[in-house]
>>> print(open('input00.pdb').read())   # PDB, C-alpha atoms and all ligand atoms
ATOM      1  CA  MET F   1       0.000   0.000   0.000
ATOM      2  CA  THR F   2       1.148   3.567  -0.764
ATOM      3  CA  GLU F   3       1.765   5.706   2.354
ATOM      4  CA  ILE F   4      -0.433   8.803   2.315
ATOM      5  CA  ASP F   5       0.005  11.851   4.570
ATOM      6  CA  VAL F   6      -3.475  13.005   5.631
ATOM      7  CA  ARG F   7      -4.305  16.703   6.143
ATOM      8  CA  GLN F   8      -7.488  17.774   7.953
ATOM      9  CA  VAL F   9      -9.434  20.941   7.177
ATOM     10  CA  CYS F  10      -8.972  24.174   9.166
ATOM     11  CA  HIS F  11     -11.591  26.800   9.928
ATOM     12  CA  PRO F  12     -10.559  30.286   8.720
ATOM     13  CA  GLU F  13     -11.277  31.760  12.158
ATOM     14  CA  ALA F  14      -8.769  29.299  13.680
ATOM     15  CA  VAL F  15      -6.162  30.005  10.997
ATOM     16  CA  ARG F  16      -6.077  33.678  12.064
ATOM     17  CA  TYR F  17      -4.162  32.534  15.174
ATOM     18  CA  PHE F  18      -1.707  30.116  13.485
ATOM     19  CA  ASP F  19       1.999  30.798  13.819
ATOM     20  CA  THR F  20       4.501  30.016  11.054
ATOM     21  CA  ASP F  21       4.932  26.351  12.031
ATOM     22  CA  GLU F  22       1.176  25.732  12.198
ATOM     23  CA  LEU F  23       0.594  27.399   8.830
ATOM     24  CA  ARG F  24       3.333  25.250   7.282
ATOM     25  CA  HIS F  25       2.085  22.085   9.016
ATOM     26  CA  HIS F  26      -1.451  22.467   7.664
ATOM     27  CA  PHE F  27      -0.973  24.083   4.249
ATOM     28  CA  LEU F  28       2.553  23.341   2.950
ATOM     29  CA  ILE F  29       3.635  20.015   1.427
ATOM     30  CA  GLU F  30       7.427  19.952   1.572
ATOM     31  CA  ARG F  31       8.119  16.478   0.131
ATOM     32  CA  VAL F  32       6.445  16.080  -3.233
ATOM     33  CA  PHE F  33       9.092  14.236  -5.276
ATOM     34  CA  VAL F  34      10.994  11.406  -3.602
ATOM     35  CA  PRO F  35      13.395   9.443  -5.864
ATOM     36  CA  GLY F  36      12.109   5.922  -6.495
ATOM     37  CA  GLU F  37       8.795   6.516  -4.711
ATOM     38  CA  ILE F  38       5.215   7.662  -5.034
ATOM     39  CA  ALA F  39       4.644  10.195  -2.226
ATOM     40  CA  LEU F  40       1.064  11.366  -1.704
ATOM     41  CA  THR F  41      -0.902  13.743   0.505
ATOM     42  CA  TYR F  42      -4.632  13.319   1.084
ATOM     43  CA  SER F  43      -6.329  16.629   1.837
ATOM     44  CA  HIS F  44      -9.820  16.563   3.322
ATOM     45  CA  ILE F  45     -10.428  19.845   1.470
ATOM     46  CA  ASP F  46     -12.460  18.438  -1.450
ATOM     47  CA  ARG F  47     -10.746  15.049  -0.802
ATOM     48  CA  PHE F  48      -7.940  16.118  -3.097
ATOM     49  CA  VAL F  49      -4.956  13.764  -3.362
ATOM     50  CA  LEU F  50      -1.725  15.254  -4.661
ATOM     51  CA  GLY F  51       1.896  14.248  -4.766
ATOM     52  CA  GLY F  52       4.654  12.976  -6.953
ATOM     53  CA  ALA F  53       5.776   9.816  -8.712
ATOM     54  CA  MET F  54       9.517   9.951  -9.388
ATOM     55  CA  PRO F  55      10.555   6.615 -10.903
ATOM     56  CA  THR F  56      14.269   5.883 -11.168
ATOM     57  CA  THR F  57      15.425   2.362 -12.116
ATOM     58  CA  GLY F  58      12.089   0.533 -12.066
ATOM     59  CA  ALA F  59       8.400   1.151 -12.592
ATOM     60  CA  LEU F  60       6.255   2.526  -9.754
ATOM     61  CA  LYS F  61       2.729   1.170  -9.395
ATOM     62  CA  LEU F  62      -0.085   3.349  -8.063
ATOM     63  CA  GLU F  63      -1.415   1.387  -5.093
ATOM     64  CA  THR F  64      -4.511   2.014  -3.027
ATOM     65  CA  SER F  65      -4.273   2.958   0.643
ATOM     66  CA  LYS F  66      -6.584   3.098   3.674
ATOM     67  CA  PRO F  67      -7.649   6.785   3.188
ATOM     68  CA  ILE F  68      -8.734   5.952  -0.383
ATOM     69  CA  GLY F  69     -11.187   3.372   0.966
ATOM     70  CA  GLN F  70     -11.415   1.375  -2.260
ATOM     71  CA  LYS F  71      -9.826  -1.807  -3.599
ATOM     72  CA  THR F  72      -7.964   0.190  -6.257
ATOM     73  CA  PHE F  73      -6.808   3.816  -6.183
ATOM     74  CA  LEU F  74      -8.936   4.902  -9.148
ATOM     75  CA  ALA F  75     -12.061   2.830  -8.401
ATOM     76  CA  LYS F  76     -13.935   6.082  -7.573
ATOM     77  CA  ARG F  77     -11.350   8.706  -8.553
ATOM     78  CA  GLU F  78      -9.861  10.401 -11.582
ATOM     79  CA  LEU F  79      -6.175  11.307 -11.940
ATOM     80  CA  ALA F  80      -4.012  13.814 -13.775
ATOM     81  CA  ALA F  81      -0.240  13.423 -14.059
ATOM     82  CA  ILE F  82       1.809  16.415 -15.228
ATOM     83  CA  ASN F  83       5.471  15.723 -15.982
ATOM     84  CA  ILE F  84       7.918  18.421 -14.818
ATOM     85  CA  GLY F  85      10.976  16.142 -15.113
ATOM     86  CA  GLY F  86      12.685  14.145 -17.872
ATOM     87  CA  ALA F  87      10.950  11.910 -20.392
ATOM     88  CA  GLY F  88       8.896   9.029 -19.028
ATOM     89  CA  ARG F  89       5.986   6.764 -19.683
ATOM     90  CA  ILE F  90       2.759   5.850 -17.933
ATOM     91  CA  THR F  91       1.133   2.486 -18.547
ATOM     92  CA  VAL F  92      -2.614   2.316 -17.897
ATOM     93  CA  ASP F  93      -4.057  -1.203 -17.981
ATOM     94  CA  GLY F  94      -1.451  -2.252 -20.538
ATOM     95  CA  THR F  95      -1.646   0.836 -22.799
ATOM     96  CA  VAL F  96       1.633   2.775 -22.873
ATOM     97  CA  TYR F  97       1.637   6.583 -23.028
ATOM     98  CA  GLU F  98       4.983   8.290 -23.716
ATOM     99  CA  ILE F  99       4.953  11.375 -21.503
ATOM    100  CA  GLY F 100       7.692  13.869 -22.344
ATOM    101  CA  PRO F 101       8.716  16.903 -20.306
ATOM    102  CA  ARG F 102       5.656  19.152 -19.716
ATOM    103  CA  ASP F 103       3.234  16.547 -21.167
ATOM    104  CA  SER F 104       0.231  15.466 -19.095
ATOM    105  CA  LEU F 105      -1.945  12.384 -18.880
ATOM    106  CA  TYR F 106      -5.549  12.310 -17.702
ATOM    107  CA  VAL F 107      -6.619   8.890 -16.391
ATOM    108  CA  GLY F 108     -10.341   8.191 -16.099
ATOM    109  CA  MET F 109     -12.125   6.582 -13.148
ATOM    110  CA  GLY F 110     -11.884   2.802 -13.002
ATOM    111  CA  ALA F 111      -8.384   2.321 -14.426
ATOM    112  CA  ASP F 112      -6.930  -0.588 -12.504
ATOM    113  CA  ASP F 113      -3.204  -0.857 -13.115
ATOM    114  CA  VAL F 114      -1.282   2.427 -13.437
ATOM    115  CA  ARG F 115       2.540   2.374 -13.607
ATOM    116  CA  PHE F 116       5.073   5.184 -13.918
ATOM    117  CA  GLU F 117       8.540   4.839 -15.484
ATOM    118  CA  SER F 118      11.439   7.121 -16.420
ATOM    119  CA  ALA F 119      13.132   6.836 -19.820
ATOM    120  CA  ASP F 120      16.501   7.533 -18.149
ATOM    121  CA  ALA F 121      17.077   6.987 -14.415
ATOM    122  CA  ALA F 122      19.770   9.687 -14.530
ATOM    123  CA  ALA F 123      17.196  12.264 -15.723
ATOM    124  CA  PRO F 124      14.061  10.946 -14.047
ATOM    125  CA  ALA F 125      10.522  11.893 -14.936
ATOM    126  CA  LYS F 126       8.703  13.799 -12.198
ATOM    127  CA  PHE F 127       5.000  13.125 -12.512
ATOM    128  CA  TYR F 128       3.005  15.581 -10.405
ATOM    129  CA  LEU F 129      -0.158  13.686  -9.462
ATOM    130  CA  LEU F 130      -3.580  15.219  -8.838
ATOM    131  CA  SER F 131      -6.670  13.176  -8.009
ATOM    132  CA  ALA F 132     -10.245  13.989  -7.038
ATOM    133  CA  PRO F 133     -13.362  11.883  -6.431
ATOM    134  CA  ALA F 134     -15.152  11.043  -9.693
ATOM    135  CA  HIS F 135     -18.670   9.992 -10.669
ATOM    136  CA  ALA F 136     -18.164   8.942 -14.319
ATOM    137  CA  THR F 137     -15.452   7.461 -16.516
ATOM    138  CA  TYR F 138     -14.031   9.827 -19.106
ATOM    139  CA  PRO F 139     -11.425   8.618 -21.614
ATOM    140  CA  THR F 140      -7.793   8.449 -20.586
ATOM    141  CA  ARG F 141      -5.892  10.929 -22.750
ATOM    142  CA  LYS F 142      -2.460  12.467 -23.163
ATOM    143  CA  VAL F 143      -2.393  16.275 -23.424
ATOM    144  CA  ALA F 144       0.719  18.074 -24.699
ATOM    145  CA  LEU F 145       1.384  21.565 -23.317
ATOM    146  CA  SER F 146       0.776  22.934 -26.851
ATOM    147  CA  GLU F 147      -2.800  21.563 -26.717
ATOM    148  CA  ALA F 148      -3.608  23.582 -23.610
ATOM    149  CA  ARG F 149      -5.914  26.584 -23.769
ATOM    150  CA  MET F 150      -3.635  29.582 -23.359
ATOM    151  CA  VAL F 151      -4.655  32.699 -21.443
ATOM    152  CA  PRO F 152      -2.105  35.560 -21.464
ATOM    153  CA  LEU F 153      -2.367  37.847 -18.438
ATOM    154  CA  GLY F 154      -0.565  40.694 -16.678
ATOM    155  CA  ALA F 155       2.086  43.179 -17.762
ATOM    156  CA  GLU F 156       5.836  43.664 -17.400
ATOM    157  CA  THR F 157       5.225  46.964 -15.584
ATOM    158  CA  SER F 158       3.438  45.101 -12.774
ATOM    159  CA  ALA F 159       5.937  42.186 -12.843
ATOM    160  CA  ASN F 160       3.100  39.693 -13.524
ATOM    161  CA  LYS F 161       3.236  39.004 -17.279
ATOM    162  CA  ARG F 162       2.431  35.342 -17.676
ATOM    163  CA  VAL F 163       0.531  32.752 -19.675
ATOM    164  CA  ILE F 164      -1.937  30.436 -17.980
ATOM    165  CA  HIS F 165      -1.907  27.069 -19.812
ATOM    166  CA  GLN F 166      -5.236  25.395 -19.082
ATOM    167  CA  ILE F 167      -4.344  21.728 -19.608
ATOM    168  CA  ILE F 168      -7.078  19.839 -17.783
ATOM    169  CA  HIS F 169      -9.996  22.069 -18.700
ATOM    170  CA  PRO F 170     -13.517  21.449 -20.102
ATOM    171  CA  ASP F 171     -12.518  23.085 -23.428
ATOM    172  CA  VAL F 172      -9.656  20.572 -23.811
ATOM    173  CA  LEU F 173     -11.118  17.334 -22.451
ATOM    174  CA  PRO F 174     -13.962  16.206 -20.205
ATOM    175  CA  THR F 175     -13.251  15.387 -16.550
ATOM    176  CA  CYS F 176     -15.485  15.017 -13.505
ATOM    177  CA  GLN F 177     -13.996  17.632 -11.155
ATOM    178  CA  LEU F 178     -10.349  18.211 -11.977
ATOM    179  CA  VAL F 179      -9.272  21.450 -13.633
ATOM    180  CA  ALA F 180      -5.506  22.052 -13.787
ATOM    181  CA  GLY F 181      -2.801  23.870 -15.653
ATOM    182  CA  MET F 182       0.610  25.440 -15.696
ATOM    183  CA  THR F 183       1.399  29.136 -15.428
ATOM    184  CA  LEU F 184       4.664  30.309 -17.011
ATOM    185  CA  PHE F 185       6.177  33.789 -16.792
ATOM    186  CA  THR F 186       7.905  36.266 -19.069
ATOM    187  CA  PRO F 187      11.495  36.755 -17.747
ATOM    188  CA  GLY F 188      11.468  39.420 -15.014
ATOM    189  CA  SER F 189       7.850  38.799 -14.002
ATOM    190  CA  VAL F 190       7.531  37.190 -10.576
ATOM    191  CA  TRP F 191       3.977  37.841  -9.313
ATOM    192  CA  ASN F 192       1.285  35.206  -9.810
ATOM    193  CA  THR F 193      -2.448  35.641  -9.326
ATOM    194  CA  MET F 194      -2.304  39.281  -8.278
ATOM    195  CA  PRO F 195      -4.856  40.967  -8.239
ATOM    196  CA  CYS F 196      -5.963  37.964  -6.216
ATOM    197  CA  HIS F 197      -9.220  36.111  -5.798
ATOM    198  CA  THR F 198     -11.060  33.446  -3.851
ATOM    199  CA  HIS F 199     -13.606  30.868  -5.088
ATOM    200  CA  ASP F 200     -15.489  29.141  -2.303
ATOM    201  CA  ARG F 201     -17.045  26.759  -4.864
ATOM    202  CA  ARG F 202     -13.639  25.186  -5.547
ATOM    203  CA  SER F 203     -10.470  24.632  -3.567
ATOM    204  CA  GLU F 204      -7.073  24.870  -5.202
ATOM    205  CA  VAL F 205      -3.563  23.429  -4.833
ATOM    206  CA  TYR F 206      -0.355  25.027  -6.134
ATOM    207  CA  LEU F 207       2.970  23.344  -6.935
ATOM    208  CA  TYR F 208       5.900  25.719  -7.400
ATOM    209  CA  PHE F 209       8.684  24.428  -9.659
ATOM    210  CA  ASP F 210      11.814  25.672 -11.453
ATOM    211  CA  VAL F 211      12.556  27.818  -8.376
ATOM    212  CA  PRO F 212      16.376  28.140  -8.212
ATOM    213  CA  GLU F 213      17.847  26.264  -5.219
ATOM    214  CA  ASP F 214      18.809  29.435  -3.305
ATOM    215  CA  GLN F 215      15.585  31.331  -4.068
ATOM    216  CA  ARG F 216      12.050  31.197  -2.623
ATOM    217  CA  VAL F 217       8.441  32.045  -3.418
ATOM    218  CA  PHE F 218       6.456  34.017  -0.826
ATOM    219  CA  HIS F 219       3.011  32.427  -1.175
ATOM    220  CA  MET F 220       0.129  34.612   0.037
ATOM    221  CA  MET F 221      -2.826  32.924   1.722
ATOM    222  CA  GLY F 222      -5.640  33.590   4.191
ATOM    223  CA  GLU F 223      -8.860  35.504   4.162
ATOM    224  CA  PRO F 224      -8.497  38.702   2.099
ATOM    225  CA  THR F 225      -8.590  40.836   5.250
ATOM    226  CA  GLU F 226      -6.304  38.454   7.252
ATOM    227  CA  THR F 227      -3.480  37.623   4.841
ATOM    228  CA  ARG F 228      -0.545  35.435   5.838
ATOM    229  CA  HIS F 229       2.402  34.106   3.884
ATOM    230  CA  ILE F 230       4.319  30.846   3.598
ATOM    231  CA  VAL F 231       7.887  30.755   2.264
ATOM    232  CA  VAL F 232       8.042  27.988  -0.350
ATOM    233  CA  ALA F 233      11.080  26.260  -1.881
ATOM    234  CA  ASN F 234      11.344  24.471  -5.219
ATOM    235  CA  GLU F 235       8.893  21.625  -5.867
ATOM    236  CA  GLN F 236       6.802  22.236  -2.778
ATOM    237  CA  ALA F 237       3.003  22.432  -2.824
ATOM    238  CA  ILE F 238       0.386  24.545  -1.072
ATOM    239  CA  LEU F 239      -3.208  23.659  -0.140
ATOM    240  CA  SER F 240      -5.636  26.526  -0.655
ATOM    241  CA  PRO F 241      -9.147  26.206   0.835
ATOM    242  CA  GLY F 242     -12.011  27.966  -0.959
ATOM    243  CA  TRP F 243     -11.961  30.853   1.543
ATOM    244  CA  SER F 244      -8.268  31.619   1.010
ATOM    245  CA  ILE F 245      -6.526  33.848  -1.471
ATOM    246  CA  HIS F 246      -3.695  32.124  -3.354
ATOM    247  CA  ALA F 247      -1.027  34.282  -4.944
ATOM    248  CA  GLY F 248       2.730  34.487  -4.768
ATOM    249  CA  VAL F 249       5.854  36.426  -5.551
ATOM    250  CA  GLY F 250       9.199  34.840  -6.354
ATOM    251  CA  THR F 251      12.614  36.168  -5.433
ATOM    252  CA  ALA F 252      13.543  34.841  -8.906
ATOM    253  CA  SER F 253      11.673  33.314 -11.841
ATOM    254  CA  TYR F 254       9.665  30.092 -11.386
ATOM    255  CA  GLY F 255       6.660  28.237 -12.765
ATOM    256  CA  PHE F 256       3.673  26.748 -11.011
ATOM    257  CA  ILE F 257       0.941  24.212 -11.510
ATOM    258  CA  TRP F 258      -2.502  25.021 -10.147
ATOM    259  CA  ALA F 259      -5.327  22.525  -9.812
ATOM    260  CA  MET F 260      -8.884  22.755  -8.564
ATOM    261  CA  ALA F 261     -11.789  20.542  -7.555
ATOM    262  CA  GLY F 262     -15.219  21.390  -6.236
ATOM    263  CA  ASP F 263     -18.746  22.289  -7.264
ATOM    264  CA  ASN F 264     -18.001  23.619 -10.732
ATOM    265  CA  GLN F 265     -15.288  23.655 -13.408
ATOM    266  CA  ASP F 266     -15.809  27.284 -14.384
ATOM    267  CA  PHE F 267     -12.316  28.807 -14.301
ATOM    268  CA  THR F 268     -13.798  32.313 -14.519
ATOM    269  CA  ASP F 269     -16.047  31.807 -11.463
ATOM    270  CA  MET F 270     -13.791  33.797  -9.134
ATOM    271  CA  ASP F 271     -14.501  36.435  -6.506
ATOM    272  CA  MET F 272     -11.908  39.093  -7.299
ATOM    273  CA  VAL F 273     -10.511  40.915  -4.277
ATOM    274  CA  PRO F 274     -10.049  44.654  -4.786
ATOM    275  CA  MET F 275      -6.518  45.713  -3.754
ATOM    276  CA  SER F 276      -8.074  48.226  -1.322
ATOM    277  CA  GLU F 277      -9.686  45.345   0.656
ATOM    278  CA  LEU F 278      -6.452  43.395   1.264
ATOM    279  CA  ARG F 279      -5.102  43.529   4.779
TER     280      ARG F 279
HETATM  281  O1  LIG N 301      -1.265  33.167 -12.491
HETATM  282  C1  LIG N 301      -2.470  33.062 -12.271
HETATM  283  O2  LIG N 301      -3.222  34.057 -12.161
HETATM  284  C2  LIG N 301      -3.046  31.719 -12.126
HETATM  285  O3  LIG N 301      -2.507  30.774 -12.648
HETATM  286  C3  LIG N 301      -4.286  31.622 -11.329
HETATM  287  C4  LIG N 301      -4.770  30.202 -11.110
HETATM  288  O4  LIG N 301      -4.936  29.584 -12.312
HETATM  289  C5  LIG N 301      -6.031  30.238 -10.304
HETATM  290  O5  LIG N 301      -6.022  30.708  -9.207
HETATM  291  C6  LIG N 301      -7.255  29.679 -10.901
HETATM  292  O6  LIG N 301      -8.345  29.847 -10.027
HETATM  293 ZN    ZN N 302      -7.848  30.431  -7.997
END
>>> encode(input="input00.pdb", output="structure tokens")
Amino acid sequence: MTEIDVRQVCHPEAVRYFDTDELRHHFLIERVFVPGEIALTYSHIDRFVLGGAMPTTGALKLETSKPIGQKTFLAKRELAAINIGGAGRITVDGTVYEIGPRDSLYVGMGADDVRFESADAAAPAKFYLLSAPAHATYPTRKVALSEARMVPLGAETSANKRVIHQIIHPDVLPTCQLVAGMTLFTPGSVWNTMPCHTHDRRSEVYLYFDVPEDQRVFHMMGEPTETRHIVVANEQAILSPGWSIHAGVGTASYGFIWAMAGDNQDFTDMDMVPMSELR
């Protein structure tokens, strides 16, 4: 069985009193990619499971675990795997999908045997895994980054010029709950998701990647009038409940993967927070 770290939900009124360690304990996932392992976190916020599969010499099989409560991991779940490492492959019930750097694979509910491999153990694939409860089986499909719906946003003058690549999105392929993508910046731009927003209908998770070793991202969270920050290193993830803003600024360039689950898949259903309301 795969070991899964379980995170419980926190009430926003309690979070107002959290110190740095408590914020990190509840909302930061420090170990996403572990060489030769599948490392997963189960968040009770929307029952999101996220983590990494980083195969080295052999294949890694996605196993069920007690929190999943089913005989197989995907019996009642869907999965997206987004590769931020070297070339690899994912085998789903005997069908092989070659998943290059920045390619993604959506795996529909009910897939039984899912295995992850790297093409070269010296340059391993890093499959970022995202899973949410599902109610229907949609076809398993590879999505290249070039097939994503692209949304340019921001400006160099506000240091937030970026392109949102909507990879797992209703306009690209059908899924039950999952919506996910990758946001990439123009050199010199370091602010994501500012002006910021909340969306109580969906929760969100962020994975920061390509952060240089000696640099950090200051991730902003909390209620709009009670903001807090968490200092995030490369390849660490953040849980963002529906009531929380989620934005960040890097001390250097970086990329990030965002993913959502909840009551709708409408990316534009956001409650924008006017700058004047932020505290
Ligand atoms: O840079 C951004 O802005 C984002 O990528 C925002 C996320 O996609 C998001 O928060 C979607 O709700
Ligand atoms: Zn959002």
>>> closest_atom_pairs(input="input00.pdb", of="segment 164-190 of chain F", to="segment 73-94 of chain F", cutoff="10 Å", atoms="all atoms listed in the file", output="Markdown table")
| residue | atom | partner | partner_atom | distance |
| --- | --- | --- | --- | --- |
| F:Ile167 | CA | F:Ile82 | CA | 9.2 |
| F:Ile168 | CA | F:Ala80 | CA | 7.9 |
| F:Thr175 | CA | F:Glu78 | CA | 7.8 |
| F:Cys176 | CA | F:Glu78 | CA | 7.5 |
| F:Gln177 | CA | F:Glu78 | CA | 8.3 |
| F:Leu178 | CA | F:Glu78 | CA | 7.8 |
| F:Val179 | CA | F:Ala80 | CA | 9.3 |
| F:Ala180 | CA | F:Ala80 | CA | 8.4 |
| F:Gly181 | CA | F:Ile82 | CA | 8.8 |
| F:Met182 | CA | F:Ile82 | CA | 9.1 |
>>> residues_near_ligand(input="input00.pdb", ligand="ligand LIG 301 (chain N)", cutoff="10 Å", atoms="all atoms listed in the file", output="ChimeraX atom specification")
/F:151-154,160-166,179-185,190-199,202-206,240,242,245-248,255-260,265-271
>>> closest_residue(input="input00.pdb", among="F:Asp113, F:Glu13, F:Glu37, F:Asp103", to="Thr225 of chain F", atoms="only C-alpha atoms")
F:Glu13
>>> atom_distance(input="input00.pdb", atom1="atom CA of Phe27 of chain F", atom2="atom CA of Arg7 of chain F")
8.3 Å
>>> closest_residue(input="input00.pdb", among="F:Val172, F:Val32, F:Ser104, F:Glu223", to="Ala14 of chain F", atoms="all atoms listed in the file")
F:Glu223
>>> closest_residue(input="input00.pdb", among="F:Ala136, F:Ile68, F:Met272, F:Ala39", to="ligand ZN 302 (chain N)", atoms="all atoms listed in the file")
F:Met272
>>> atom_distance(input="input00.pdb", atom1="atom CA of Pro274 of chain F", atom2="atom CA of Val249 of chain F")
17.9 Å
>>> closest_residue(input="input00.pdb", among="F:Asp263, F:Arg16, F:Ala119, F:Asp5", to="Ser244 of chain F", atoms="all atoms listed in the file")
F:Arg16
>>> residues_near_point(input="input00.pdb", point="(-12.9, 17.9, 0.7)", cutoff="9 Å", atoms="all atoms listed in the file", output="MDAnalysis selection string")
chainID F and resid 9 43:48 203 261:262
>>> axis_aligned_box(input="input00.pdb", around="segment 31-43 of chain F", padding_each_side="3 Å", output="lines of an AutoDock Vina configuration file")
center_x = 3.5
center_y = 11.3
center_z = -2.3
size_x = 25.7
size_y = 16.7
size_z = 14.3
>>> atom_distance(input="input00.pdb", atom1="atom CA of Thr56 of chain F", atom2="atom CA of Ala122 of chain F")
7.5 Å
>>> closest_residue(input="input00.pdb", among="F:Val273, F:Ile38, F:Leu278, F:Val143", to="Lys61 of chain F", atoms="all atoms listed in the file")
F:Ile38
>>> resolve_selection(input="input00.pdb", expression="the PyMOL selection byres (((chain F and resi 34) around 12) and not hetatm)", output="list in words")
Glu30, Arg31, Val32, Phe33, Pro35, Gly36, Glu37, Ile38, Ala39, Leu40, Gly51, Gly52, Ala53, Met54, Pro55, Thr56, Leu60, Pro124, Ala125, Lys126, Phe127, Tyr128, Glu235 and Gln236 of chain F
>>> resolve_selection(input="input00.pdb", expression="the PyMOL selection byres (((chain F and resi 141) around 6) and not hetatm)", output="PyMOL selection string")
chain F and resi 105-106+140+142
>>> write_last_selection(input="input00.pdb", atoms="C-alpha atoms", output="tab-separated table (two decimals), in the coordinates of the input")
chain	number	residue	atom	x	y	z
F	105	LEU	CA	-1.94	12.38	-18.88
F	106	TYR	CA	-5.55	12.31	-17.70
F	140	THR	CA	-7.79	8.45	-20.59
F	142	LYS	CA	-2.46	12.47	-23.16
>>> closest_residue(input="input00.pdb", among="F:Arg102, F:Gly188, F:Glu22, F:Leu28", to="Val232 of chain F", atoms="all atoms listed in the file")
F:Leu28
>>> resolve_selection(input="input00.pdb", expression="the PyMOL selection byres (((chain F and resi 4) around 9) and not hetatm)", output="count of residues only")
12
>>> residues_near_point(input="input00.pdb", point="(-17.0, 5.5, -14.9)", cutoff="8 Å", atoms="only C-alpha atoms", output="VMD selection string")
chain F and resid 76 108 to 110 134 to 138
>>> write_last_selection(input="input00.pdb", atoms="C-alpha atoms", output="PDB file, in the coordinates of the input")
ATOM      1  CA  LYS F  76     -13.935   6.082  -7.573  1.00  0.00           C
ATOM      2  CA  GLY F 108     -10.341   8.191 -16.099  1.00  0.00           C
ATOM      3  CA  MET F 109     -12.125   6.582 -13.148  1.00  0.00           C
ATOM      4  CA  GLY F 110     -11.884   2.802 -13.002  1.00  0.00           C
ATOM      5  CA  ALA F 134     -15.152  11.043  -9.693  1.00  0.00           C
ATOM      6  CA  HIS F 135     -18.670   9.992 -10.669  1.00  0.00           C
ATOM      7  CA  ALA F 136     -18.164   8.942 -14.319  1.00  0.00           C
ATOM      8  CA  THR F 137     -15.452   7.461 -16.516  1.00  0.00           C
ATOM      9  CA  TYR F 138     -14.031   9.827 -19.106  1.00  0.00           C
TER      10      TYR F 138
END
>>> decode(input="input00.pdb", residues="segment 160-181 of chain F", atoms="C-alpha atoms", output="short mmCIF file (atom, residue, chain, number, x, y, z; two decimals), in the first residue's frame")
data_model
loop_
_atom_site.label_atom_id
_atom_site.label_comp_id
_atom_site.auth_asym_id
_atom_site.auth_seq_id
_atom_site.Cartn_x
_atom_site.Cartn_y
_atom_site.Cartn_z
CA ASN F 160 3.10 39.69 -13.52
CA LYS F 161 3.24 39.00 -17.28
CA ARG F 162 2.43 35.34 -17.68
CA VAL F 163 0.53 32.75 -19.68
CA ILE F 164 -1.94 30.44 -17.98
CA HIS F 165 -1.91 27.07 -19.81
CA GLN F 166 -5.24 25.40 -19.08
CA ILE F 167 -4.34 21.73 -19.61
CA ILE F 168 -7.08 19.84 -17.78
CA HIS F 169 -10.00 22.07 -18.70
CA PRO F 170 -13.52 21.45 -20.10
CA ASP F 171 -12.52 23.09 -23.43
CA VAL F 172 -9.66 20.57 -23.81
CA LEU F 173 -11.12 17.33 -22.45
CA PRO F 174 -13.96 16.21 -20.21
CA THR F 175 -13.25 15.39 -16.55
CA CYS F 176 -15.48 15.02 -13.51
CA GLN F 177 -14.00 17.63 -11.16
CA LEU F 178 -10.35 18.21 -11.98
CA VAL F 179 -9.27 21.45 -13.63
CA ALA F 180 -5.51 22.05 -13.79
CA GLY F 181 -2.80 23.87 -15.65
#
